[in-house]
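Notes for the one structure printed next.
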Amino acid sequence: MLYIPMLLGFLVGRTWSWNILTLFLAATGCFLGRSPLLAWARAVRWQKPIGDARQLSLIYLGVGGAAGLYLLVAREMWFLAPMAGIAAIVLGLNTWQGMLREDRTILGEVTAILGMTMTAPAALYATTDRFDSLLAILWLECILYFASSVFYVKMRVLAAHEKVPGSAARARTTCLQYHAFLLITVAILAVLRLVPPPAALGFLPVIGRAFWFAARPRKILNLKQIGWAEVAFSVIFLATVGGFTH
């Protein structure tokens with residue numbers, strides 16, 4: 001979810017730059033800093049031992065911030081500032097959700113997706129120096145695509161392990177509603193040529209798997225199998241959207 005959007009931005013940019021490695025370092029540092037930052041925040045909130053959470057979060061976020069600052073100042077990529085600002089706000093919000101134990105809810109996971117998919121427009125800008133509507137469209141595509149897995153996995157888990165009567169049916173309905181919305185939105189974007197029609201095909205596998213399981217639900221749950229399937233679908237998304245968007 002972090003690297004696929006970044007690779008997508010690089011593919012759409014269709015050019016090599018040393019900024020790629022620097023952005024990779026910046027994104028990785030910030031990503032690795034999320035968990036210890038949350039552990040630090042929870043320790044402070046619940047007055048528990050902090051351990052090495054503070055040091056690790058400062059190290060990872062420091063490395064990520066330094067790499068980002070290099071791109072911003074030394075490479076004069078000033079438009080990375082608003083992207084970094086949005087990502088920082090989302091990181092703070094997601095950390096707050098984690099403190100309240102709400103980071104594993106649908107809202108919490110979608111919030112995390114908003115931040116991690118920011119690597120797509122950042123990668124496109126870092127390699128091409130372009131700052132136009134394509135960056136927003138690329139970000140929107142990634143948000144729409146990766147949010148699909150949140151609704152799908154929740155539906156699968158509750159179908160196999162329903163603890164509250166009716167929760168599985170509600171999750172299935174919500175999943176169907178989201179994927180119907182996804183199908184309509186992608187179709188509109190393709191008709192308006194905001195997304196190349198061939199690139200829109202990259203959404204079909206995840207839309208199809210959601211409708212298929214909703215129509216034929218079963219209690220079998222293999223998270224490893226689901227995970228590998230999601231990886232395969234992500235590669236298809238990367239190849240189609242990256243291959244036909246420019």
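Just remember, in the structure tokens the first chain shown is A, the second B, etc., residues are 1-based per chain, and ligands are 1-based in the order shown.
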Quick one: residues within 10 Å of Asn222 of chain A, only C-alpha atoms, excluding same-chain residues fewer than 6 positions away - as a PDB file with N, CA and C atoms, in the first residue's frame?
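Output file result31.pdb follows:
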ATOM      1  N   ARG A 156     -14.880 -10.576   4.538  1.00  0.00           N
ATOM      2  CA  ARG A 156     -14.405 -11.959   4.625  1.00  0.00           C
ATOM      3  C   ARG A 156     -14.240 -12.407   6.075  1.00  0.00           C
ATOM      4  N   VAL A 157     -13.645 -11.545   6.901  1.00  0.00           N
ATOM      5  CA  VAL A 157     -13.399 -11.894   8.308  1.00  0.00           C
ATOM      6  C   VAL A 157     -14.711 -12.108   9.054  1.00  0.00           C
ATOM      7  N   ALA A 160     -16.569 -15.299   8.281  1.00  0.00           N
ATOM      8  CA  ALA A 160     -16.016 -16.502   8.924  1.00  0.00           C
ATOM      9  C   ALA A 160     -16.146 -16.468  10.440  1.00  0.00           C
TER      10      ALA A 160
END
Check your understanding: Can you tell me, as a list in words, what residues are no more than 6 Å from segment 12-19 of chain A when counting only C-alpha atoms, ignoring any on the same chain fewer than 4 positions away?
Key -> Leu23, Leu124, Thr127, Thr128, Gly242, Thr245 and His246 of chain A
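Of the residues listed (A:Ile188, A:Leu140, A:Leu135, A:Ala84), A:Ala84 shows the shortest atom-to-atom separation from Leu72 of chain A; distances use only C-alpha atoms.
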Segment 122-163 of chain A near segment 54-70 of chain A within 12 Å: what's each residue's closest atom pair and its distance in Å to one decimal, counting only C-alpha atoms, ordered by chain then ascending residue number, as JSON lines?
{"residue": "A:Ala122", "atom": "CA", "partner": "A:Gly68", "partner_atom": "CA", "distance": 10.5}
{"residue": "A:Ala123", "atom": "CA", "partner": "A:Gly68", "partner_atom": "CA", "distance": 11.8}
{"residue": "A:Ala126", "atom": "CA", "partner": "A:Gly68", "partner_atom": "CA", "distance": 10.6}
Keeping only N, CA, C and O atoms, take the residues you just selected and write them out as a short mmCIF file (atom, residue, chain, number, x, y, z; two decimals), in the first residue's frame.
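Once everything was written out, this is part-v3.cif:
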data_model
loop_
_atom_site.label_atom_id
_atom_site.label_comp_id
_atom_site.auth_asym_id
_atom_site.auth_seq_id
_atom_site.Cartn_x
_atom_site.Cartn_y
_atom_site.Cartn_z
N ALA A 122 3.51 12.26 -5.11
CA ALA A 122 4.85 12.73 -4.73
C ALA A 122 5.91 12.14 -5.66
O ALA A 122 6.84 12.83 -6.08
N ALA A 123 5.76 10.85 -6.00
CA ALA A 123 6.72 10.20 -6.89
C ALA A 123 6.66 10.78 -8.30
O ALA A 123 7.69 10.99 -8.95
N ALA A 126 8.28 14.19 -8.11
CA ALA A 126 9.72 14.12 -7.86
C ALA A 126 10.50 13.71 -9.10
O ALA A 126 11.67 14.10 -9.26
#
Review point. Of the residues A:Ala168, A:Met83, A:Leu8, A:His161, which is the one nearest to Ala199 of chain A, using only C-alpha atoms?
Key: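 Smallest distance to Ala199 of chain A is found for A:Leu8.
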**Study point:** Residues near Ile143 of chain A, cut-off 7 Å, only C-alpha atoms, skip fewer than 2 positions along chain, as JSON, numbers by chain
**Key:** {"A": [113, 114, 117, 139, 140, 141, 145, 146, 147]}
Review point. So which bits of segment 15-125 of chain A end up alpha helix (DSSP H) when you DSSP the backbone, as an MDAnalysis selection string?
Key: chainID A and resid 19:45 53:69 80:99 106:116 119:125
Check your understanding: Which residue, A:Ala26, A:Ala210, A:Leu2, A:Ala159, has the smallest gap to Tyr178 of chain A when you use only C-alpha atoms?
Key -> A:Ala210
**Study point:** Met99 of chain A surroundings by only C-alpha atoms, 12 Å radius, close-in-sequence under 2 positions cut, as a PyMOL selection string
**Key:** chain A and resi 35+37-46+92-97+101-104+108
Please, could you write that set of residues out with C-alpha atoms as an mmCIF file, in the first residue's frame?
data_model
loop_
_atom_site.group_PDB
_atom_site.id
_atom_site.type_symbol
_atom_site.label_atom_id
_atom_site.label_comp_id
_atom_site.auth_asym_id
_atom_site.auth_seq_id
_atom_site.Cartn_x
_atom_site.Cartn_y
_atom_site.Cartn_z
ATOM 1 C CA SER A 35 4.354 2.169 14.761
ATOM 2 C CA LEU A 37 5.135 6.838 17.301
ATOM 3 C CA LEU A 38 1.805 5.187 18.077
ATOM 4 C CA ALA A 39 3.398 3.080 20.814
ATOM 5 C CA TRP A 40 4.912 6.247 22.296
ATOM 6 C CA ALA A 41 1.577 8.084 22.169
ATOM 7 C CA ARG A 42 -0.268 5.181 23.768
ATOM 8 C CA ALA A 43 2.351 4.886 26.509
ATOM 9 C CA VAL A 44 1.985 8.565 27.346
ATOM 10 C CA ARG A 45 -1.820 8.412 27.264
ATOM 11 C CA TRP A 46 -2.058 5.316 29.444
ATOM 12 C CA GLY A 92 -1.282 12.749 13.241
ATOM 13 C CA LEU A 93 -4.971 11.935 12.836
ATOM 14 C CA ASN A 94 -4.247 8.234 12.379
ATOM 15 C CA THR A 95 -2.027 8.260 15.464
ATOM 16 C CA TRP A 96 -4.873 9.837 17.434
ATOM 17 C CA GLN A 97 -7.213 7.128 16.122
ATOM 18 C CA ARG A 101 -8.045 2.025 19.518
ATOM 19 C CA GLU A 102 -9.894 3.093 16.378
ATOM 20 C CA ASP A 103 -7.065 2.596 13.888
ATOM 21 C CA ARG A 104 -8.395 -0.848 12.898
ATOM 22 C CA GLY A 108 -9.042 4.371 10.705
#
